[in-house]
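Below: structure.txt (compact mmCIF, C-alpha atoms)
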# COMPACT_ATOMS: atom_id res chain seq x y z
CA LEU A 1 0.00 0.00 0.00
CA PHE A 2 3.10 2.22 -0.18
CA SER A 3 1.68 4.41 -2.96
CA LYS A 4 -2.06 4.12 -2.17
CA PHE A 5 -3.82 7.14 -0.64
CA GLU A 6 -7.48 6.15 -0.88
CA ALA A 7 -9.22 4.71 2.20
CA ASN A 8 -11.10 2.14 0.10
CA GLU A 9 -7.75 0.69 -1.13
CA TRP A 10 -6.67 0.09 2.48
CA GLU A 11 -10.09 -1.30 3.44
CA TYR A 12 -9.94 -3.73 0.50
CA VAL A 13 -6.68 -5.16 1.88
CA ARG A 14 -7.95 -5.19 5.48
CA ASP A 15 -11.10 -7.09 4.53
CA ASN A 16 -9.48 -9.43 1.99
CA GLU A 17 -10.43 -13.09 2.34
CA ILE A 18 -6.81 -14.14 1.99
CA TRP A 19 -6.25 -13.46 5.71
CA ASN A 20 -8.83 -16.12 6.60
CA LEU A 21 -7.22 -18.97 4.63
CA PRO A 22 -5.70 -21.72 6.80
CA GLN A 23 -1.94 -21.25 6.85
CA LYS A 24 0.27 -24.35 6.41
CA LYS A 25 3.93 -24.39 7.39
CA ASP A 26 5.44 -23.74 3.92
CA ASP A 27 2.64 -21.63 2.44
CA ILE A 28 3.33 -18.26 0.88
CA LEU A 29 2.68 -15.49 3.42
CA PRO A 30 -0.67 -13.76 2.71
CA ALA A 31 0.91 -10.29 2.91
CA LEU A 32 3.46 -11.24 0.25
CA LYS A 33 0.88 -12.81 -2.04
CA LEU A 34 -1.31 -9.69 -1.77
CA SER A 35 1.69 -7.47 -2.51
CA TYR A 36 2.30 -9.49 -5.66
CA ASP A 37 -1.39 -9.31 -6.66
CA PHE A 38 -1.21 -5.52 -6.31
CA LEU A 39 1.74 -5.24 -8.71
CA PRO A 40 0.97 -3.82 -12.15
CA SER A 41 0.99 -6.61 -14.78
CA TYR A 42 4.27 -5.48 -16.40
CA LEU A 43 6.07 -5.85 -13.05
CA ARG A 44 4.55 -9.27 -12.32
CA GLN A 45 6.21 -10.83 -15.36
CA CYS A 46 9.58 -9.26 -14.56
CA PHE A 47 9.37 -10.31 -10.90
CA ALA A 48 8.53 -13.94 -11.77
CA LEU A 49 11.87 -14.32 -13.60
CA PHE A 50 13.75 -13.92 -10.31
CA SER A 51 12.69 -17.54 -9.70
CA LEU A 52 15.26 -18.69 -12.30
CA TYR A 53 18.15 -17.68 -10.02
CA PRO A 54 19.29 -19.45 -6.83
CA LYS A 55 18.53 -18.07 -3.37
CA ASP A 56 20.97 -15.38 -2.14
CA TYR A 57 21.96 -14.56 -5.72
CA GLU A 58 23.61 -11.14 -6.06
CA PHE A 59 21.78 -9.41 -8.89
CA LEU A 60 23.23 -6.65 -11.04
CA SER A 61 20.77 -4.27 -12.65
CA ASP A 62 22.33 -4.57 -16.11
CA GLU A 63 21.96 -8.36 -15.96
CA VAL A 64 18.21 -8.23 -15.32
CA ALA A 65 17.89 -5.34 -17.78
CA LYS A 66 19.34 -7.47 -20.59
CA LEU A 67 17.12 -10.44 -19.71
CA TRP A 68 13.92 -8.39 -19.45
CA GLY A 69 14.78 -6.54 -22.66
CA ALA A 70 15.50 -9.72 -24.64
CA LEU A 71 12.17 -11.21 -23.54
CA GLY A 72 10.26 -8.08 -24.60
CA LEU A 73 9.08 -7.22 -21.07
CA LEU A 74 10.10 -3.55 -21.05
CA ALA A 75 7.72 -0.77 -22.01
CA SER A 76 8.81 1.33 -24.98
CA PRO A 77 10.93 4.22 -23.68
CA ARG A 78 9.31 7.64 -23.83
CA LYS A 79 10.99 10.54 -25.60
CA ASN A 80 14.55 11.13 -24.30
CA GLU A 81 14.38 7.87 -22.33
CA THR A 82 16.50 4.72 -22.78
CA PRO A 83 15.58 1.09 -21.98
CA GLU A 84 17.95 1.47 -18.98
CA ASP A 85 15.75 4.30 -17.66
CA VAL A 86 12.71 1.99 -17.88
CA VAL A 87 14.61 -0.72 -15.95
CA LYS A 88 15.55 1.82 -13.24
CA GLN A 89 11.89 2.76 -12.89
CA TYR A 90 10.88 -0.92 -12.56
CA LEU A 91 13.57 -1.63 -9.95
CA ASP A 92 12.70 1.53 -8.00
CA GLU A 93 9.08 0.38 -7.92
CA LEU A 94 10.00 -3.13 -6.72
CA LEU A 95 12.30 -1.59 -4.10
CA SER A 96 9.58 0.76 -2.83
CA ARG A 97 7.31 -2.28 -2.40
CA SER A 98 10.03 -4.08 -0.37
CA PHE A 99 10.61 -6.85 -2.92
CA LEU A 100 14.35 -6.07 -3.07
CA GLN A 101 16.90 -5.82 -0.27
CA ASP A 102 20.62 -5.07 0.30
CA PHE A 103 20.15 -2.47 -2.45
CA ILE A 104 23.33 -0.65 -3.51
CA ASP A 105 23.09 2.32 -5.86
CA GLY A 106 26.26 2.44 -7.95
CA GLY A 107 25.15 5.42 -10.05
CA THR A 108 25.07 3.72 -13.45
CA PHE A 109 24.15 0.30 -12.01
CA TYR A 110 22.53 -1.29 -8.95
CA GLU A 111 23.24 -4.38 -6.89
CA PHE A 112 20.57 -6.13 -4.85
CA LYS A 113 19.32 -9.41 -3.42
CA ILE A 114 15.87 -10.76 -2.71
CA HIS A 115 14.80 -12.29 0.61
CA ASP A 116 14.32 -16.08 0.76
CA LEU A 117 10.57 -15.64 1.34
CA VAL A 118 10.34 -13.32 -1.66
CA HIS A 119 12.24 -15.93 -3.71
CA ASP A 120 9.65 -18.53 -2.58
CA LEU A 121 6.92 -16.18 -3.79
CA ALA A 122 8.63 -15.78 -7.19
CA VAL A 123 8.85 -19.59 -7.56
CA PHE A 124 5.18 -19.91 -6.54
CA VAL A 125 3.83 -17.36 -9.02
CA ALA A 126 6.13 -18.50 -11.87
CA LYS A 127 5.51 -22.24 -11.61
CA GLU A 128 3.42 -22.38 -14.81
CA GLU A 129 6.15 -20.81 -16.97
CA CYS A 130 9.53 -21.02 -15.19
CA LEU A 131 11.39 -24.13 -14.09
CA VAL A 132 14.72 -24.67 -12.34
CA VAL A 133 15.94 -28.06 -13.57
CA ASN A 134 17.74 -30.23 -11.02
CA SER A 135 18.46 -33.93 -10.64
CA HIS A 136 14.95 -34.58 -9.21
CA ILE A 137 13.16 -33.41 -12.35
CA GLN A 138 12.62 -36.19 -14.87
CA ASN A 139 10.58 -34.39 -17.49
CA ILE A 140 9.95 -30.80 -18.49
CA PRO A 141 6.26 -29.85 -18.88
CA GLU A 142 5.25 -28.59 -22.31
CA ASN A 143 4.01 -25.20 -21.09
CA ILE A 144 7.39 -24.15 -19.62
CA ARG A 145 8.91 -21.09 -21.29
CA HIS A 146 11.96 -20.34 -19.16
CA LEU A 147 14.50 -22.98 -18.11
CA SER A 148 17.28 -22.54 -15.60
CA PHE A 149 19.71 -25.42 -15.03
CA ALA A 150 20.91 -25.72 -11.44
CA GLU A 151 23.83 -27.88 -12.59
CA TYR A 152 25.11 -28.86 -16.01
CA ASN A 153 24.62 -32.63 -15.53
CA CYS A 154 20.84 -32.14 -15.57
CA LEU A 155 20.99 -31.35 -19.28
CA GLY A 156 19.70 -34.77 -20.27
CA ASN A 157 16.29 -33.86 -18.88
CA SER A 158 15.64 -31.29 -21.59
CA PHE A 159 15.99 -33.86 -24.35
CA THR A 160 12.79 -35.65 -23.30
CA SER A 161 10.80 -32.43 -23.60
CA LYS A 162 8.43 -31.94 -26.51
CA SER A 163 8.19 -28.28 -25.56
CA VAL A 164 8.47 -25.76 -28.34
CA ALA A 165 7.47 -22.86 -26.09
CA VAL A 166 10.92 -22.43 -24.50
CA ARG A 167 12.18 -18.83 -24.69
CA THR A 168 15.01 -18.91 -22.12
CA ILE A 169 17.84 -21.34 -21.31
CA MET A 170 20.32 -20.23 -18.68
CA PHE A 171 22.93 -21.54 -16.23
CA PRO A 172 23.10 -19.02 -13.36
CA ASN A 173 25.73 -21.17 -11.59
CA GLY A 174 27.75 -21.63 -14.80
CA ALA A 175 27.66 -24.28 -17.55
CA GLU A 176 31.13 -25.69 -16.90
CA GLY A 177 31.34 -29.26 -18.25
CA ALA A 178 27.98 -29.12 -20.08
CA ASN A 179 27.65 -30.73 -23.50
CA VAL A 180 26.93 -27.43 -25.21
CA GLU A 181 27.02 -28.83 -28.76
CA ALA A 182 24.26 -31.35 -27.95
CA LEU A 183 22.25 -28.63 -26.18
CA LEU A 184 22.51 -26.28 -29.15
CA ASN A 185 21.43 -29.01 -31.56
CA THR A 186 18.38 -29.58 -29.33
CA CYS A 187 17.66 -25.84 -29.32
CA VAL A 188 17.82 -25.67 -33.11
CA SER A 189 15.53 -28.70 -33.58
CA LYS A 190 13.01 -28.10 -30.75
CA PHE A 191 13.25 -24.58 -29.32
CA LYS A 192 12.95 -22.53 -32.50
CA LEU A 193 11.54 -19.49 -30.65
CA LEU A 194 14.44 -19.25 -28.19
CA ARG A 195 15.20 -15.65 -27.15
CA VAL A 196 17.83 -16.04 -24.39
CA LEU A 197 20.75 -18.50 -24.33
CA ASP A 198 23.21 -17.89 -21.49
CA LEU A 199 26.08 -20.43 -21.46
CA ARG A 200 28.42 -18.59 -19.08
CA ASP A 201 31.49 -20.53 -17.86
CA SER A 202 30.98 -23.29 -20.44
CA THR A 203 34.07 -25.26 -21.51
CA CYS A 204 33.18 -26.25 -25.09
CA LYS A 205 35.85 -25.75 -27.78
CA THR A 206 33.46 -25.12 -30.68
CA LEU A 207 29.89 -24.07 -31.41
CA PRO A 208 27.86 -25.73 -34.20
CA ARG A 209 27.19 -23.65 -37.31
CA SER A 210 23.51 -24.43 -36.87
CA ILE A 211 23.35 -21.69 -34.19
CA GLY A 212 22.62 -19.34 -37.09
CA LYS A 213 19.17 -20.96 -37.38
CA LEU A 214 17.98 -19.56 -34.02
CA LYS A 215 16.41 -16.60 -35.81
CA HIS A 216 14.59 -15.24 -32.74
CA LEU A 217 17.64 -15.24 -30.45
CA ARG A 218 18.18 -11.85 -28.82
CA TYR A 219 20.67 -12.67 -26.05
CA PHE A 220 23.68 -14.95 -26.43
CA SER A 221 26.50 -15.28 -23.90
CA ILE A 222 29.45 -17.65 -23.63
CA GLN A 223 31.17 -15.36 -21.13
CA ASN A 224 34.30 -16.81 -19.46
CA ASN A 225 34.69 -19.78 -21.81
CA ARG A 226 38.47 -20.43 -21.60
CA ASN A 227 38.64 -22.97 -24.45
CA ILE A 228 36.86 -21.55 -27.46
CA LYS A 229 39.12 -20.23 -30.25
CA ARG A 230 36.64 -19.41 -32.99
CA LEU A 231 32.96 -18.54 -33.30
CA PRO A 232 31.07 -19.75 -36.39
CA ASN A 233 30.44 -16.92 -38.86
CA SER A 234 26.81 -18.13 -38.99
CA ILE A 235 26.28 -16.35 -35.64
CA CYS A 236 26.14 -13.14 -37.70
CA LYS A 237 22.88 -14.32 -39.29
CA LEU A 238 21.10 -13.61 -35.98
CA GLN A 239 19.62 -10.29 -37.01
CA ASN A 240 17.46 -10.00 -33.85
CA LEU A 241 20.46 -10.39 -31.54
CA GLN A 242 20.57 -7.53 -29.00
CA LEU A 243 23.40 -8.85 -26.81
CA LEU A 244 26.56 -10.78 -27.68
CA ASN A 245 28.86 -11.52 -24.75
CA VAL A 246 32.21 -13.21 -25.39
CA SER A 247 34.04 -11.42 -22.57
CA GLY A 248 36.53 -13.56 -20.67
CA CYS A 249 37.02 -15.84 -23.72
CA GLU A 250 40.79 -15.39 -23.59
CA GLU A 251 41.58 -17.99 -26.29
CA LEU A 252 39.28 -16.35 -28.85
CA GLU A 253 41.53 -15.60 -31.82
CA ALA A 254 39.16 -13.30 -33.70
CA LEU A 255 35.58 -12.07 -33.78
CA PRO A 256 33.36 -13.72 -36.41
CA LYS A 257 33.26 -12.27 -39.93
CA GLY A 258 30.08 -10.42 -40.81
CA LEU A 259 29.42 -8.61 -37.49
CA ARG A 260 27.98 -5.73 -39.51
CA LYS A 261 24.88 -7.87 -40.17
CA LEU A 262 23.90 -7.81 -36.46
CA ILE A 263 21.73 -4.76 -37.02
CA SER A 264 19.84 -5.04 -33.69
CA LEU A 265 22.93 -5.35 -31.47
CA ARG A 266 22.87 -2.98 -28.45
CA HIS A 267 25.40 -4.71 -26.15
CA LEU A 268 28.76 -6.09 -27.30
CA GLU A 269 31.16 -7.46 -24.69
CA ILE A 270 34.39 -8.92 -26.03
CA THR A 271 37.75 -10.46 -25.24
CA THR A 272 39.89 -11.30 -28.26
CA LYS A 273 43.50 -11.95 -29.27
CA GLN A 274 43.17 -9.58 -32.24
CA PRO A 275 45.60 -6.63 -32.17
CA VAL A 276 43.08 -4.32 -33.88
CA LEU A 277 39.28 -4.31 -33.72
CA PRO A 278 37.48 -4.80 -37.06
CA TYR A 279 36.36 -1.14 -37.22
CA SER A 280 34.52 -1.38 -40.53
CA GLU A 281 32.34 -4.15 -39.08
CA ILE A 282 31.62 -2.61 -35.66
CA THR A 283 30.91 0.93 -36.88
CA ASN A 284 28.06 -0.48 -38.97
CA LEU A 285 26.28 -1.54 -35.77
CA ILE A 286 24.01 1.50 -35.72
CA SER A 287 22.16 0.46 -32.53
CA LEU A 288 25.30 -0.29 -30.48
CA ALA A 289 24.89 1.49 -27.12
CA HIS A 290 27.26 -0.46 -24.84
CA LEU A 291 30.71 -1.70 -25.79
CA SER A 292 33.00 -3.53 -23.36
CA ILE A 293 36.54 -4.66 -24.23
CA GLY A 294 38.45 -6.53 -21.54
CA SER A 295 41.51 -8.78 -21.13
CA SER A 296 42.41 -8.35 -24.81
CA HIS A 297 46.16 -8.46 -24.20
CA ASN A 298 47.25 -8.03 -27.86
CA MET A 299 44.93 -5.11 -28.54
CA GLU A 300 47.04 -2.12 -29.66
CA SER A 301 44.41 0.15 -31.10
CA ILE A 302 40.68 0.34 -30.44
CA PHE A 303 39.36 3.27 -32.47
CA GLY A 304 40.78 4.76 -35.61
CA GLY A 305 38.80 7.98 -35.88
CA VAL A 306 35.52 6.21 -36.66
CA LYS A 307 32.07 7.34 -35.55
CA PHE A 308 29.85 5.53 -33.01
CA PRO A 309 26.57 7.45 -33.25
CA ALA A 310 24.61 5.59 -30.52
CA LEU A 311 27.34 4.52 -28.08
CA LYS A 312 26.49 5.47 -24.47
CA THR A 313 28.87 3.28 -22.45
CA LEU A 314 32.46 2.37 -23.24
CA TYR A 315 34.35 0.05 -20.91
CA VAL A 316 38.01 -0.81 -21.51
CA ALA A 317 39.99 -2.87 -19.01
CA ASP A 318 43.12 -5.01 -18.80
CA CYS A 319 44.36 -4.39 -22.35
CA HIS A 320 48.12 -4.39 -21.68
CA SER A 321 49.34 -3.57 -25.21
CA LEU A 322 47.03 -0.63 -25.81
CA LYS A 323 48.95 2.24 -27.40
CA SER A 324 46.16 4.66 -28.20
CA LEU A 325 42.53 5.32 -27.39
CA PRO A 326 41.49 8.39 -29.40
CA LEU A 327 38.22 9.75 -28.04
CA ASP A 328 37.26 12.61 -30.32
CA VAL A 329 33.98 13.90 -28.89
CA THR A 330 32.48 14.33 -32.37
CA ASN A 331 32.82 10.57 -32.94
CA PHE A 332 30.99 9.75 -29.68
CA PRO A 333 28.08 12.22 -29.56
CA GLU A 334 26.03 10.12 -27.06
CA LEU A 335 28.81 8.83 -24.77
CA GLU A 336 27.84 9.11 -21.08
CA THR A 337 29.97 6.56 -19.24
CA LEU A 338 33.67 5.81 -19.77
Take the structure in the file and write it out as structure tokens.
Amino acid sequence: LFSKFEANEWEYVRDNEIWNLPQKKDDILPALKLSYDFLPSYLRQCFALFSLYPKDYEFLSDEVAKLWGALGLLASPRKNETPEDVVKQYLDELLSRSFLQDFIDGGTFYEFKIHDLVHDLAVFVAKEECLVVNSHIQNIPENIRHLSFAEYNCLGNSFTSKSVAVRTIMFPNGAEGANVEALLNTCVSKFKLLRVLDLRDSTCKTLPRSIGKLKHLRYFSIQNNRNIKRLPNSICKLQNLQLLNVSGCEELEALPKGLRKLISLRHLEITTKQPVLPYSEITNLISLAHLSIGSSHNMESIFGGVKFPALKTLYVADCHSLKSLPLDVTNFPELETL
């Protein structure tokens, strides 16, 4: 009732039948369930996705922003607003309703956790669409849209699923040791509407070329894969891709050819052994708003006087060989964070 000023709103809660329901030991607390019921519909969907993460998970605002954005859950920004502004508004609203805790405002990002009871609520309200797969789960129901794997050795469970509704596959604890090639082949054959594929910490050495068939994919991460040397060029066929994260992939010899085709890309996070970025490719990414370059130890030059019309955030770290970083303000008209 934080933002309610009408007496009848308070009376509705006071007289609600939910208080009279018999309360079992592990039931969701009535006050929490009512708080969820009072959320606007756009926040309910976003909140339910917290169920995909383990308890005590330390959330970063840009992580949830990318997930919500890729799944189409963010309202269209108003004039002079960015999708990040919409995310800030959503998080502020959840914070004001006490759904978030340990909230740290870092200026351009936030960190937060959710209480165990709030996590239980998220699991309860999301049970029709979200599933955390563990060793106890033998089969995945056909209505499930969002899958989170608690550990990589549960991957076999997904292969028995007939589900074509799946939009999200993620490994919040890391996909180290997972058979990524088999998973991707399953995605291509069964999960044709996949939007989010997060394979952080995986250890695969290659990706199948068939990844280019996931036409609806908007979010792809193989962050911190220490083995992969090449990405298939077919990844550049993913014209709906909004986020590509290959940061921490320290064996990656080069970025795939044809990056210029990723016309929807807003976030690009890279680690590469290349001494020079492929400027002509990256400057064609007209929607690129966030560029991160880290641990690229051979990188000597990042920008050669080329224009980045939409870039808002530039992050450069741990590039030992860097000789120059020309930042002519006319080439970065929108840059806010360096």
Mind checking which residues fall within 9 Å of A:Lys66, counting all atoms listed in the file, ignoring those fewer than 2 positions away in the same chain, and posting them as a count of residues only? 12
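The environment of A:Asp26 within 12 Å, counting all atoms listed in the file and disregarding residues fewer than 2 places along the same chain, consists of Pro22, Gln23, Lys24, Ile28, Leu29, Pro30, Leu117, Asp120, Leu121 and Phe124 of chain A.
Of note, atom CA of A:Gly248 and atom CA of A:Asn173 are spaced 16.0 Å apart.
With only C-alpha atoms as the basis for measurement, A:Ser280 is the residue among A:Gln239, A:Ser135, A:Ser280, A:Ser324 that approaches A:Phe308 most closely.
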Taking 6 positions as the minimum chain separation for residues in the same chain, which residues sit within 8 Å of stretch 287-295 of chain A when counting only C-alpha atoms? Answer as a compact mmCIF listing (two decimals) with C-alpha atoms, keeping the file's coordinate frame.
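Written file, selection_38.txt:
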# COMPACT_ATOMS: atom_id res chain seq x y z
CA SER A 247 34.04 -11.42 -22.57
CA GLY A 248 36.53 -13.56 -20.67
CA GLU A 250 40.79 -15.39 -23.59
CA ILE A 263 21.73 -4.76 -37.02
CA SER A 264 19.84 -5.04 -33.69
CA LEU A 265 22.93 -5.35 -31.47
CA ARG A 266 22.87 -2.98 -28.45
CA HIS A 267 25.40 -4.71 -26.15
CA LEU A 268 28.76 -6.09 -27.30
CA GLU A 269 31.16 -7.46 -24.69
CA ILE A 270 34.39 -8.92 -26.03
CA THR A 271 37.75 -10.46 -25.24
CA THR A 272 39.89 -11.30 -28.26
CA PHE A 308 29.85 5.53 -33.01
CA ALA A 310 24.61 5.59 -30.52
CA LEU A 311 27.34 4.52 -28.08
CA LYS A 312 26.49 5.47 -24.47
CA THR A 313 28.87 3.28 -22.45
CA LEU A 314 32.46 2.37 -23.24
CA TYR A 315 34.35 0.05 -20.91
CA VAL A 316 38.01 -0.81 -21.51
CA ALA A 317 39.99 -2.87 -19.01
CA ASP A 318 43.12 -5.01 -18.80
CA CYS A 319 44.36 -4.39 -22.35
CA HIS A 320 48.12 -4.39 -21.68
Record the distance separating atom CA of A:Pro83 and atom CA of A:Tyr279, expressed in Å with one decimal. 25.9 Å
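The residue that comes closest to A:Glu151, out of A:Leu241, A:Ala178, A:Ala75, A:Val166 and on the basis of all atoms listed in the file, is A:Ala178.
For the set A:Leu49, A:Val133, A:Val164, A:Val13, the residue with the smallest atom-to-atom gap to A:Ser35 is A:Val13, counting only C-alpha atoms.
Among the candidates A:Trp10, A:Val123, A:Pro275, A:Ile137, the one nearest to A:Lys55 when counting only C-alpha atoms is A:Val123.
When all atoms listed in the file are used to measure the gap to A:Phe59, the shortest distance among A:Leu100, A:Cys249, A:Leu32, A:Val87 belongs to A:Leu100.
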Please give the centre and size of the box around stretch 307-317 of chain A (axis-aligned, containing every atom listed in the file, 6 Å added per side), with values in Å to one decimal and written as lines of an AutoDock Vina configuration file.
center_x = 32.3
center_y = 2.3
center_z = -27.3
size_x = 27.4
size_y = 22.3
size_z = 28.5
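Going from atom CA of A:Ala150 to atom CA of A:Asn224 covers 18.0 Å.
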Polymer residues at most 12 Å from A:Glu253, all atoms listed in the file, same-chain spacing of 3 or more positions, as a tab-separated table (two decimals) with C-alpha atoms, keeping the file's coordinate frame:
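This is the output file result.tsv:
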chain	number	residue	atom	x	y	z
A	226	ARG	CA	38.47	-20.43	-21.60
A	227	ASN	CA	38.64	-22.97	-24.45
A	228	ILE	CA	36.86	-21.55	-27.46
A	229	LYS	CA	39.12	-20.23	-30.25
A	230	ARG	CA	36.64	-19.41	-32.99
A	231	LEU	CA	32.96	-18.54	-33.30
A	246	VAL	CA	32.21	-13.21	-25.39
A	249	CYS	CA	37.02	-15.84	-23.72
A	250	GLU	CA	40.79	-15.39	-23.59
A	256	PRO	CA	33.36	-13.72	-36.41
A	270	ILE	CA	34.39	-8.92	-26.03
A	271	THR	CA	37.75	-10.46	-25.24
A	272	THR	CA	39.89	-11.30	-28.26
A	273	LYS	CA	43.50	-11.95	-29.27
A	274	GLN	CA	43.17	-9.58	-32.24
A	275	PRO	CA	45.60	-6.63	-32.17
A	276	VAL	CA	43.08	-4.32	-33.88
A	277	LEU	CA	39.28	-4.31	-33.72
A	296	SER	CA	42.41	-8.35	-24.81
A	297	HIS	CA	46.16	-8.46	-24.20
A	298	ASN	CA	47.25	-8.03	-27.86
A	299	MET	CA	44.93	-5.11	-28.54
Kindly output stretch 167-174 of chain A as an mmCIF file, in the frame of the given file, after building all heavy atoms.
data_model
loop_
_atom_site.group_PDB
_atom_site.id
_atom_site.type_symbol
_atom_site.label_atom_id
_atom_site.label_comp_id
_atom_site.auth_asym_id
_atom_site.auth_seq_id
_atom_site.Cartn_x
_atom_site.Cartn_y
_atom_site.Cartn_z
ATOM 1 N N ARG A 167 11.612 -20.123 -24.271
ATOM 2 C CA ARG A 167 12.180 -18.830 -24.690
ATOM 3 C C ARG A 167 13.541 -18.564 -24.056
ATOM 4 O O ARG A 167 14.326 -17.782 -24.570
ATOM 5 C CB ARG A 167 11.248 -17.679 -24.273
ATOM 6 C CG ARG A 167 9.850 -17.720 -24.863
ATOM 7 C CD ARG A 167 9.859 -17.380 -26.342
ATOM 8 N NE ARG A 167 8.511 -17.113 -26.841
ATOM 9 C CZ ARG A 167 7.656 -18.028 -27.258
ATOM 10 N NH1 ARG A 167 8.012 -19.299 -27.206
ATOM 11 N NH2 ARG A 167 6.475 -17.706 -27.720
ATOM 12 N N THR A 168 13.803 -19.213 -22.894
ATOM 13 C CA THR A 168 15.010 -18.910 -22.120
ATOM 14 C C THR A 168 15.689 -20.205 -21.691
ATOM 15 O O THR A 168 15.030 -21.109 -21.182
ATOM 16 C CB THR A 168 14.660 -18.112 -20.836
ATOM 17 O OG1 THR A 168 13.899 -16.964 -21.189
ATOM 18 C CG2 THR A 168 15.914 -17.690 -20.084
ATOM 19 N N ILE A 169 17.018 -20.265 -21.893
ATOM 20 C CA ILE A 169 17.840 -21.340 -21.310
ATOM 21 C C ILE A 169 19.034 -20.656 -20.669
ATOM 22 O O ILE A 169 19.762 -19.895 -21.330
ATOM 23 C CB ILE A 169 18.291 -22.353 -22.363
ATOM 24 C CG1 ILE A 169 17.084 -23.176 -22.844
ATOM 25 C CG2 ILE A 169 19.362 -23.290 -21.801
ATOM 26 C CD1 ILE A 169 17.417 -24.194 -23.914
ATOM 27 N N MET A 170 19.229 -20.905 -19.364
ATOM 28 C CA MET A 170 20.320 -20.230 -18.680
ATOM 29 C C MET A 170 20.930 -21.142 -17.609
ATOM 30 O O MET A 170 20.312 -22.092 -17.148
ATOM 31 C CB MET A 170 19.841 -18.914 -18.060
ATOM 32 C CG MET A 170 18.727 -19.058 -17.064
ATOM 33 S SD MET A 170 17.934 -17.472 -16.674
ATOM 34 C CE MET A 170 19.194 -16.695 -15.715
ATOM 35 N N PHE A 171 22.176 -20.814 -17.259
ATOM 36 C CA PHE A 171 22.930 -21.540 -16.230
ATOM 37 C C PHE A 171 23.460 -20.514 -15.226
ATOM 38 O O PHE A 171 24.610 -20.075 -15.339
ATOM 39 C CB PHE A 171 24.115 -22.288 -16.854
ATOM 40 C CG PHE A 171 23.740 -23.429 -17.753
ATOM 41 C CD1 PHE A 171 23.312 -23.206 -19.047
ATOM 42 C CD2 PHE A 171 23.827 -24.744 -17.306
ATOM 43 C CE1 PHE A 171 22.974 -24.258 -19.886
ATOM 44 C CE2 PHE A 171 23.498 -25.807 -18.138
ATOM 45 C CZ PHE A 171 23.067 -25.559 -19.432
ATOM 46 N N PRO A 172 22.643 -20.081 -14.267
ATOM 47 C CA PRO A 172 23.100 -19.020 -13.360
ATOM 48 C C PRO A 172 24.333 -19.411 -12.542
ATOM 49 O O PRO A 172 25.099 -18.547 -12.127
ATOM 50 C CB PRO A 172 21.900 -18.745 -12.469
ATOM 51 C CG PRO A 172 20.939 -19.838 -12.704
ATOM 52 C CD PRO A 172 21.254 -20.462 -14.008
ATOM 53 N N ASN A 173 24.541 -20.718 -12.317
ATOM 54 C CA ASN A 173 25.730 -21.170 -11.590
ATOM 55 C C ASN A 173 26.887 -21.515 -12.530
ATOM 56 O O ASN A 173 27.928 -21.997 -12.082
ATOM 57 C CB ASN A 173 25.398 -22.402 -10.732
ATOM 58 C CG ASN A 173 24.378 -22.097 -9.657
ATOM 59 O OD1 ASN A 173 24.428 -21.039 -9.049
ATOM 60 N ND2 ASN A 173 23.436 -22.993 -9.441
ATOM 61 N N GLY A 174 26.705 -21.312 -13.835
ATOM 62 C CA GLY A 174 27.750 -21.630 -14.800
ATOM 63 C C GLY A 174 27.505 -22.972 -15.465
ATOM 64 O O GLY A 174 26.979 -23.902 -14.862
#
